[in-house]
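Have a look at query.pdb; it's PDB, C-alpha atoms:
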ATOM      1  CA  ILE A   1      56.328  -3.829 -15.809
ATOM      2  CA  LEU A   2      53.887  -6.562 -14.752
ATOM      3  CA  ILE A   3      55.206  -6.509 -11.175
ATOM      4  CA  VAL A   4      54.857  -2.740 -11.032
ATOM      5  CA  ALA A   5      51.300  -2.962 -12.399
ATOM      6  CA  HIS A   6      50.256  -5.537  -9.767
ATOM      7  CA  ARG A   7      51.831  -3.421  -7.033
ATOM      8  CA  PHE A   8      49.940  -0.352  -8.262
ATOM      9  CA  LEU A   9      46.678  -2.339  -8.342
ATOM     10  CA  PHE A  10      47.203  -3.613  -4.799
ATOM     11  CA  LEU A  11      47.893  -0.093  -3.536
ATOM     12  CA  TYR A  12      44.771   1.147  -5.348
ATOM     13  CA  LEU A  13      42.617  -1.530  -3.708
ATOM     14  CA  LEU A  14      44.256  -0.904  -0.340
ATOM     15  CA  TYR A  15      42.940   2.641  -0.434
ATOM     16  CA  MET A  16      39.495   1.549  -1.640
ATOM     17  CA  LYS A  17      37.227   1.667   1.392
ATOM     18  CA  ILE A  18      34.127  -0.526   1.581
ATOM     19  CA  LEU A  19      31.297  -0.085   4.083
ATOM     20  CA  SER A  20      29.296  -3.148   5.060
ATOM     21  CA  THR A  21      25.981  -2.200   6.668
ATOM     22  CA  LYS A  22      26.003  -5.597   8.389
ATOM     23  CA  CYS A  23      28.846  -6.953  10.512
ATOM     24  CA  LEU A  24      30.546  -9.797   8.671
ATOM     25  CA  THR A  25      32.019 -13.000  10.045
ATOM     26  CA  SER A  26      35.782 -13.201  10.498
ATOM     27  CA  ALA A  27      36.087 -15.351   7.381
ATOM     28  CA  GLN A  28      34.034 -12.880   5.348
ATOM     29  CA  GLN A  29      36.116  -9.953   6.588
ATOM     30  CA  GLN A  30      39.319 -11.760   5.678
ATOM     31  CA  ARG A  31      37.953 -12.463   2.211
ATOM     32  CA  LEU A  32      37.660  -8.739   1.462
ATOM     33  CA  GLN A  33      40.881  -7.796   3.220
ATOM     34  CA  ALA A  34      42.808 -10.457   1.300
ATOM     35  CA  LEU A  35      41.792  -8.661  -1.893
ATOM     36  CA  GLY A  36      43.319  -5.467  -0.519
ATOM     37  CA  PHE A  37      40.165  -3.587   0.462
ATOM     38  CA  THR A  38      39.851  -1.513   3.620
ATOM     39  CA  LEU A  39      36.666  -2.601   5.406
ATOM     40  CA  VAL A  40      34.394  -0.511   7.602
ATOM     41  CA  GLN A  41      31.444  -2.377   9.115
ATOM     42  CA  HIS A  42      28.518  -1.659  11.384
ATOM     43  CA  ASN A  43      25.068  -3.164  11.946
ATOM     44  CA  PHE A  44      22.802  -0.409  10.624
ATOM     45  CA  ILE A  45      19.719  -2.250  11.872
ATOM     46  CA  ALA A  46      18.923  -4.319  14.947
ATOM     47  CA  THR A  47      16.185  -6.958  15.121
ATOM     48  CA  PRO A  48      15.233  -7.528  18.761
ATOM     49  CA  PRO A  49      12.592 -10.220  19.345
ATOM     50  CA  LEU A  50       9.079  -9.247  20.393
ATOM     51  CA  PRO A  51       6.683 -11.167  22.664
ATOM     52  CA  PHE A  52       4.064 -13.132  20.742
ATOM     53  CA  ALA A  53       1.606 -15.983  21.196
ATOM     54  CA  LEU A  54       1.285 -19.233  19.263
ATOM     55  CA  SER A  55      -2.114 -20.860  18.768
ATOM     56  CA  SER A  56      -1.447 -24.178  17.088
ATOM     57  CA  PRO A  57      -2.319 -26.084  15.046
ATOM     58  CA  TYR A  58      -1.357 -24.466  11.747
ATOM     59  CA  GLU A  59      -1.407 -26.137   8.347
ATOM     60  CA  TRP A  60       1.613 -24.164   7.084
ATOM     61  CA  LEU A  61       4.350 -21.925   8.458
ATOM     62  CA  ILE A  62       5.910 -19.132   6.391
ATOM     63  CA  PHE A  63       9.206 -17.405   7.227
ATOM     64  CA  THR A  64      10.842 -14.681   5.151
ATOM     65  CA  SER A  65      14.083 -14.212   7.114
ATOM     66  CA  GLN A  66      16.488 -15.784   9.558
ATOM     67  CA  ASN A  67      15.456 -13.087  12.059
ATOM     68  CA  GLY A  68      11.941 -14.490  12.125
ATOM     69  CA  VAL A  69      13.235 -18.002  12.675
ATOM     70  CA  GLN A  70      15.530 -16.932  15.516
ATOM     71  CA  SER A  71      12.666 -15.157  17.261
ATOM     72  CA  VAL A  72      10.391 -18.194  16.988
ATOM     73  CA  LEU A  73      13.164 -20.448  18.293
ATOM     74  CA  ALA A  74      13.241 -18.312  21.437
ATOM     75  CA  HIS A  75       9.578 -19.102  22.133
ATOM     76  CA  PRO A  76       9.078 -21.835  24.777
ATOM     77  CA  GLN A  77       6.559 -23.677  22.548
ATOM     78  CA  TRP A  78       8.500 -23.599  19.276
ATOM     79  CA  GLN A  79       8.983 -27.381  19.188
ATOM     80  CA  GLU A  80       5.212 -27.807  18.849
ATOM     81  CA  LEU A  81       5.611 -26.400  15.325
ATOM     82  CA  LEU A  82       8.106 -29.007  14.119
ATOM     83  CA  SER A  83       5.475 -31.225  12.515
ATOM     84  CA  THR A  84       4.077 -28.345  10.428
ATOM     85  CA  PRO A  85       5.403 -27.956   6.866
ATOM     86  CA  VAL A  86       7.284 -24.746   6.092
ATOM     87  CA  LEU A  87       7.646 -22.350   3.177
ATOM     88  CA  CYS A  88      10.411 -19.761   3.384
ATOM     89  CA  VAL A  89      12.422 -17.097   1.613
ATOM     90  CA  GLY A  90      16.206 -17.455   1.446
ATOM     91  CA  VAL A  91      18.596 -20.380   1.388
ATOM     92  CA  LYS A  92      20.091 -19.342   4.739
ATOM     93  CA  THR A  93      16.618 -19.251   6.258
ATOM     94  CA  GLN A  94      16.043 -22.745   4.886
ATOM     95  CA  GLN A  95      19.321 -24.038   6.310
ATOM     96  CA  LEU A  96      18.571 -22.616   9.759
ATOM     97  CA  LEU A  97      15.101 -24.158   9.797
ATOM     98  CA  GLN A  98      16.376 -27.551   8.673
ATOM     99  CA  SER A  99      19.151 -27.488  11.265
ATOM    100  CA  LYS A 100      16.433 -27.253  13.950
ATOM    101  CA  GLY A 101      14.369 -30.097  12.537
ATOM    102  CA  PHE A 102      11.752 -28.250  10.471
ATOM    103  CA  LYS A 103      10.561 -29.708   7.168
ATOM    104  CA  VAL A 104      11.018 -27.038   4.492
ATOM    105  CA  CYS A 105       8.870 -27.846   1.472
ATOM    106  CA  TYR A 106      10.044 -24.911  -0.614
ATOM    107  CA  ALA A 107      12.605 -22.114  -0.280
ATOM    108  CA  ALA A 108      12.300 -19.159  -2.665
ATOM    109  CA  ASP A 109      14.947 -16.561  -3.435
ATOM    110  CA  TYR A 110      12.384 -13.764  -3.178
ATOM    111  CA  ALA A 111       8.860 -13.255  -1.827
ATOM    112  CA  THR A 112       7.618 -12.812  -5.406
ATOM    113  CA  ASP A 113       8.935 -16.288  -6.217
ATOM    114  CA  LEU A 114       7.097 -17.713  -3.210
ATOM    115  CA  VAL A 115       3.864 -16.075  -4.386
ATOM    116  CA  ALA A 116       4.288 -17.681  -7.820
ATOM    117  CA  TYR A 117       4.976 -21.072  -6.215
ATOM    118  CA  MET A 118       1.869 -20.915  -4.012
ATOM    119  CA  ARG A 119      -0.316 -19.643  -6.837
ATOM    120  CA  ASN A 120       0.613 -22.664  -8.977
ATOM    121  CA  ASP A 121      -1.038 -24.988  -6.441
ATOM    122  CA  LEU A 122      -3.413 -22.636  -4.658
ATOM    123  CA  SER A 123      -5.909 -25.233  -3.421
ATOM    124  CA  ARG A 124      -3.156 -26.708  -1.256
ATOM    125  CA  TYR A 125      -3.152 -23.568   0.890
ATOM    126  CA  GLN A 126      -6.872 -22.759   0.971
ATOM    127  CA  GLU A 127      -7.783 -25.102   3.813
ATOM    128  CA  GLY A 128      -6.545 -24.536   7.333
ATOM    129  CA  ARG A 129      -4.609 -21.703   8.905
ATOM    130  CA  ILE A 130      -1.238 -20.399   7.808
ATOM    131  CA  ALA A 131       1.129 -18.773  10.308
ATOM    132  CA  PHE A 132       3.142 -15.966   8.722
ATOM    133  CA  PHE A 133       6.066 -14.799  10.897
ATOM    134  CA  VAL A 134       7.211 -11.238  10.206
ATOM    135  CA  GLY A 135       9.076  -8.203  11.511
ATOM    136  CA  THR A 136       7.695  -4.718  12.016
ATOM    137  CA  HIS A 137       9.004  -3.531   8.625
ATOM    138  CA  ARG A 138       7.685  -6.382   6.486
ATOM    139  CA  LEU A 139       6.878  -5.787   2.824
ATOM    140  CA  ASN A 140       3.395  -6.137   1.330
ATOM    141  CA  THR A 141       4.232  -8.721  -1.344
ATOM    142  CA  LEU A 142       2.943 -11.764   0.535
ATOM    143  CA  PRO A 143       0.143 -10.052   2.543
ATOM    144  CA  ASP A 144      -1.335  -8.618  -0.656
ATOM    145  CA  PHE A 145      -1.345 -12.096  -2.199
ATOM    146  CA  PHE A 146      -2.947 -13.627   0.907
ATOM    147  CA  ALA A 147      -5.686 -10.998   0.896
ATOM    148  CA  ALA A 148      -6.366 -11.324  -2.837
ATOM    149  CA  GLU A 149      -6.739 -15.096  -2.567
ATOM    150  CA  LYS A 150      -8.619 -14.928   0.767
ATOM    151  CA  LEU A 151      -6.219 -17.328   2.486
ATOM    152  CA  GLN A 152      -6.608 -17.911   6.230
ATOM    153  CA  VAL A 153      -3.359 -16.320   7.364
ATOM    154  CA  THR A 154      -2.436 -15.356  10.911
ATOM    155  CA  GLU A 155       0.282 -12.720  10.694
ATOM    156  CA  ILE A 156       2.512 -12.918  13.767
ATOM    157  CA  THR A 157       4.981 -10.086  14.384
ATOM    158  CA  VAL A 158       7.944 -11.717  16.114
ATOM    159  CA  TYR A 159      10.712  -9.104  15.898
ATOM    160  CA  ASP A 160      11.219  -5.379  15.658
ATOM    161  CA  THR A 161      13.366  -3.623  13.073
ATOM    162  CA  VAL A 162      15.272  -0.751  14.661
ATOM    163  CA  PHE A 163      17.517   1.678  12.812
ATOM    164  CA  THR A 164      20.967   1.815  14.459
ATOM    165  CA  PRO A 165      22.985   4.054  12.126
ATOM    166  CA  ILE A 166      26.317   5.714  12.690
ATOM    167  CA  THR A 167      27.792   8.752  10.969
ATOM    168  CA  LEU A 168      30.949   7.904   9.050
ATOM    169  CA  ALA A 169      33.978  10.056   9.745
ATOM    170  CA  ALA A 170      35.189   9.772   6.147
ATOM    171  CA  PRO A 171      33.605   8.865   2.798
ATOM    172  CA  VAL A 172      33.740   5.337   1.409
ATOM    173  CA  ASP A 173      34.039   4.057  -2.149
ATOM    174  CA  ALA A 174      31.480   1.245  -1.983
ATOM    175  CA  ILE A 175      28.556   0.240   0.245
ATOM    176  CA  LEU A 176      27.115  -3.229   0.845
ATOM    177  CA  PHE A 177      23.388  -3.370   1.645
ATOM    178  CA  PHE A 178      21.495  -6.456   2.840
ATOM    179  CA  SER A 179      17.929  -5.198   3.257
ATOM    180  CA  PRO A 180      15.703  -2.253   2.356
ATOM    181  CA  SER A 181      15.740  -1.291   6.043
ATOM    182  CA  GLY A 182      19.531  -1.102   5.926
ATOM    183  CA  VAL A 183      19.276   1.340   3.031
ATOM    184  CA  GLN A 184      16.778   3.478   4.940
ATOM    185  CA  SER A 185      18.927   3.425   8.077
ATOM    186  CA  TYR A 186      22.038   4.520   6.183
ATOM    187  CA  LEU A 187      20.157   7.354   4.482
ATOM    188  CA  SER A 188      18.857   8.570   7.849
ATOM    189  CA  THR A 189      22.364   9.878   8.639
ATOM    190  CA  HIS A 190      24.028  10.171   5.218
ATOM    191  CA  THR A 191      23.363  11.595   1.775
ATOM    192  CA  ALA A 192      23.934   9.299  -1.171
ATOM    193  CA  ALA A 193      26.947  10.309  -3.241
ATOM    194  CA  ALA A 194      29.098   8.603  -5.873
ATOM    195  CA  GLU A 195      29.536   5.327  -4.013
ATOM    196  CA  GLN A 196      29.321   2.020  -5.833
ATOM    197  CA  VAL A 197      26.457   0.138  -4.196
ATOM    198  CA  PHE A 198      26.098  -3.643  -3.921
ATOM    199  CA  CYS A 199      22.767  -5.168  -2.853
ATOM    200  CA  ILE A 200      21.913  -8.672  -1.694
ATOM    201  CA  GLY A 201      18.807  -8.845  -3.883
ATOM    202  CA  THR A 202      16.382  -7.033  -6.129
ATOM    203  CA  THR A 203      14.115  -5.816  -3.306
ATOM    204  CA  THR A 204      17.052  -4.123  -1.584
ATOM    205  CA  ALA A 205      18.219  -2.740  -4.935
ATOM    206  CA  GLN A 206      14.785  -1.184  -5.489
ATOM    207  CA  ALA A 207      15.260   0.758  -2.244
ATOM    208  CA  ALA A 208      18.761   1.907  -3.272
ATOM    209  CA  THR A 209      18.251   2.714  -6.966
ATOM    210  CA  PRO A 210      16.426   6.057  -6.469
ATOM    211  CA  HIS A 211      19.442   7.363  -4.532
ATOM    212  CA  TRP A 212      22.545   5.958  -6.254
ATOM    213  CA  ALA A 213      23.534   5.964  -9.909
ATOM    214  CA  SER A 214      25.356   2.634  -9.788
ATOM    215  CA  VAL A 215      23.664  -0.289  -8.020
ATOM    216  CA  ILE A 216      24.775  -3.893  -8.569
ATOM    217  CA  VAL A 217      22.675  -6.871  -7.441
ATOM    218  CA  ALA A 218      24.469  -9.945  -6.131
ATOM    219  CA  THR A 219      24.388 -12.985  -8.389
ATOM    220  CA  GLU A 220      23.183 -15.019  -5.396
ATOM    221  CA  PRO A 221      20.992 -13.485  -2.641
ATOM    222  CA  THR A 222      23.332 -14.305   0.252
ATOM    223  CA  VAL A 223      26.059 -12.405   2.091
ATOM    224  CA  ASP A 224      28.686 -14.558   0.385
ATOM    225  CA  GLY A 225      27.000 -13.816  -2.929
ATOM    226  CA  VAL A 226      27.426 -10.092  -2.281
ATOM    227  CA  LEU A 227      31.117 -10.574  -1.490
ATOM    228  CA  GLN A 228      31.647 -12.622  -4.636
ATOM    229  CA  THR A 229      29.983  -9.896  -6.704
ATOM    230  CA  VAL A 230      32.240  -7.282  -5.078
ATOM    231  CA  ALA A 231      35.313  -9.357  -5.928
ATOM    232  CA  THR A 232      34.172  -9.844  -9.508
ATOM    233  CA  SER A 233      33.229  -6.207 -10.048
ATOM    234  CA  LEU A 234      36.097  -4.415  -8.326
ATOM    235  CA  THR A 235      39.083  -6.646  -9.085
ATOM    236  CA  PRO A 236      40.481  -7.696 -12.469
TER     237      PRO A 236
END
Exercise: express the given structure as structure tokens:
Amino acid sequence: ILIVAHRFLFLYLLYMKILSTKCLTSAQQQRLQALGFTLVQHNFIATPPLPFALSSPYEWLIFTSQNGVQSVLAHPQWQELLSTPVLCVGVKTQQLLQSKGFKVCYAADYATDLVAYMRNDLSRYQEGRIAFFVGTHRLNTLPDFFAAEKLQVTEITVYDTVFTPITLAAPVDAILFFSPSGVQSYLSTHTAAAEQVFCIGTTTAQAATPHWASVIVATEPTVDGVLQTVATSLTP
């Protein structure tokens, strides 16, 4: 009976189709497929770099995504920034910065956490200019804080956020979202239905919650964290 039950479960998972709105690495794909899921994946957003100017020196650098870091690394003068301390959002953003020689003083899980961190030692950020590297669809969490505290922040838009949706030929059972923009891109060509939704973090979940009845936030705000939450939620 146990063998039959496991076989039934595997067949059930085999027919469970998951959409990832971001293309996964080979290892990440294999992780889902090994559990028996059928994976559909597509990059629902693109983040092409934009031309921008740097006017050093800055007292602090702030990054909220790996996309911002990658765009800055493409600038011919990026190495001039290496001596400037950095604040960032996301452990993967931190790892990328450190791999290129930047000194990351603090990495927050969310922009709200970074605001709380800066507010606890506000005088540290009130002298000198701060460079804040963003995309075209950045949220207001940090800019509102900068304005309220009258910090000298130069906001530098270094990449665009472009919706690149597709229309699925067949419905899926679950959807993985990694940014609010990904949610918006998906909804530009689809209507939310009964899918189980998994989100990389609370900000993305806030964009999804008005449209889906069941939204689960990853226990860790990384792609691997989303996959672990999928495995925990959808398998015994």
Counting all atoms listed in the file, which residues sit no farther than 6 Å from the position (30.9, 2.9, 3.2) in the file's frame? I'd like them as JSON, numbers by chain.
{"A": [18, 19, 172, 174, 175]}
Nearest residue to Val89 in chain A out of A:Val197, A:Ala218, A:Ile62, A:Ala46, using all atoms listed in the file?
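Under the stated criterion, the closest residue is A:Ile62.
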Name the closest residue to Gly90 in chain A among the candidates A:Ile200, A:Ala147, A:Val183, A:Ala231; distances are taken between atoms, counting only C-alpha atoms.
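Distance minimum relative to Gly90 in chain A lands on A:Ile200.
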Record the distance separating CA of Ala111 in chain A and CA of His190 in chain A, expressed in Å with one decimal.
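Result for CA of Ala111 in chain A versus CA of His190 in chain A: 28.8 Å, one decimal.
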Nearest to Pro180 in chain A, restricted to only C-alpha atoms and choosing among A:Gly201, A:Gly68, A:Pro51, A:Gly225, comes out as A:Gly201
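Here the question is which of A:Val223, A:Gln95, A:Lys17, A:Val115 gets nearest to Leu35 in chain A using all atoms listed in the file, and that residue is A:Lys17.
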Neighbourhood query: residues within 12 Å of (31.1, 3.2, -4.3), file coordinates, counting only C-alpha atoms; return as a ChimeraX atom specification.
/A:16-20,171-177,192-199,212-216,230,233-234
Judged by only C-alpha atoms, the minimum distance to Phe52 in chain A among A:Cys88, A:Val134, A:Leu39, A:Leu82 is found for A:Val134
Could you complete range 155-179 of chain A so that it carries N, CA and C atoms, and give it back as a compact mmCIF listing (two decimals), in the coordinates of the input?
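The resulting file, result.txt, is reproduced below:
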# COMPACT_ATOMS: atom_id res chain seq x y z
N GLU A 155 -1.00 -13.42 10.75
CA GLU A 155 0.28 -12.72 10.69
C GLU A 155 0.78 -12.49 12.12
N ILE A 156 1.97 -12.99 12.41
CA ILE A 156 2.51 -12.92 13.77
C ILE A 156 3.81 -12.11 13.72
N THR A 157 3.80 -10.95 14.36
CA THR A 157 4.98 -10.09 14.38
C THR A 157 5.90 -10.56 15.51
N VAL A 158 7.07 -11.06 15.14
CA VAL A 158 7.94 -11.72 16.11
C VAL A 158 9.24 -10.95 16.39
N TYR A 159 9.52 -9.91 15.60
CA TYR A 159 10.71 -9.10 15.90
C TYR A 159 10.52 -7.68 15.41
N ASP A 160 11.24 -6.79 16.04
CA ASP A 160 11.22 -5.38 15.66
C ASP A 160 12.39 -5.10 14.71
N THR A 161 12.26 -4.08 13.90
CA THR A 161 13.37 -3.62 13.07
C THR A 161 13.69 -2.20 13.50
N VAL A 162 14.87 -2.03 14.08
CA VAL A 162 15.27 -0.75 14.66
C VAL A 162 16.47 -0.20 13.89
N PHE A 163 16.38 1.05 13.47
CA PHE A 163 17.52 1.68 12.81
C PHE A 163 18.60 1.98 13.85
N THR A 164 19.83 1.57 13.55
CA THR A 164 20.97 1.82 14.46
C THR A 164 22.14 2.39 13.66
N PRO A 165 21.93 3.53 13.00
CA PRO A 165 22.98 4.05 12.13
C PRO A 165 24.12 4.72 12.90
N ILE A 166 25.22 4.88 12.22
CA ILE A 166 26.32 5.71 12.69
C ILE A 166 26.58 6.75 11.60
N THR A 167 27.35 7.77 11.96
CA THR A 167 27.79 8.75 10.97
C THR A 167 29.26 8.49 10.67
N LEU A 168 29.58 8.22 9.43
CA LEU A 168 30.95 7.90 9.05
C LEU A 168 31.82 9.15 9.13
N ALA A 169 33.05 8.93 9.61
CA ALA A 169 33.98 10.06 9.74
C ALA A 169 34.57 10.45 8.40
N ALA A 170 34.60 9.51 7.46
CA ALA A 170 35.19 9.77 6.15
C ALA A 170 34.37 9.05 5.09
N PRO A 171 34.38 9.52 3.86
CA PRO A 171 33.60 8.86 2.80
C PRO A 171 34.16 7.49 2.46
N VAL A 172 33.33 6.66 1.86
CA VAL A 172 33.74 5.34 1.41
C VAL A 172 33.53 5.25 -0.10
N ASP A 173 34.13 4.23 -0.70
CA ASP A 173 34.04 4.06 -2.15
C ASP A 173 32.89 3.14 -2.56
N ALA A 174 32.54 2.21 -1.67
CA ALA A 174 31.48 1.25 -1.98
C ALA A 174 30.70 0.93 -0.71
N ILE A 175 29.42 0.58 -0.89
CA ILE A 175 28.56 0.24 0.24
C ILE A 175 27.86 -1.08 -0.05
N LEU A 176 27.81 -1.95 0.96
CA LEU A 176 27.12 -3.23 0.84
C LEU A 176 25.82 -3.15 1.65
N PHE A 177 24.69 -3.40 0.98
CA PHE A 177 23.39 -3.37 1.64
C PHE A 177 22.76 -4.77 1.61
N PHE A 178 22.06 -5.12 2.70
CA PHE A 178 21.50 -6.46 2.84
C PHE A 178 19.99 -6.46 3.08
N SER A 179 19.38 -5.29 3.10
CA SER A 179 17.93 -5.20 3.26
C SER A 179 17.48 -3.79 2.93
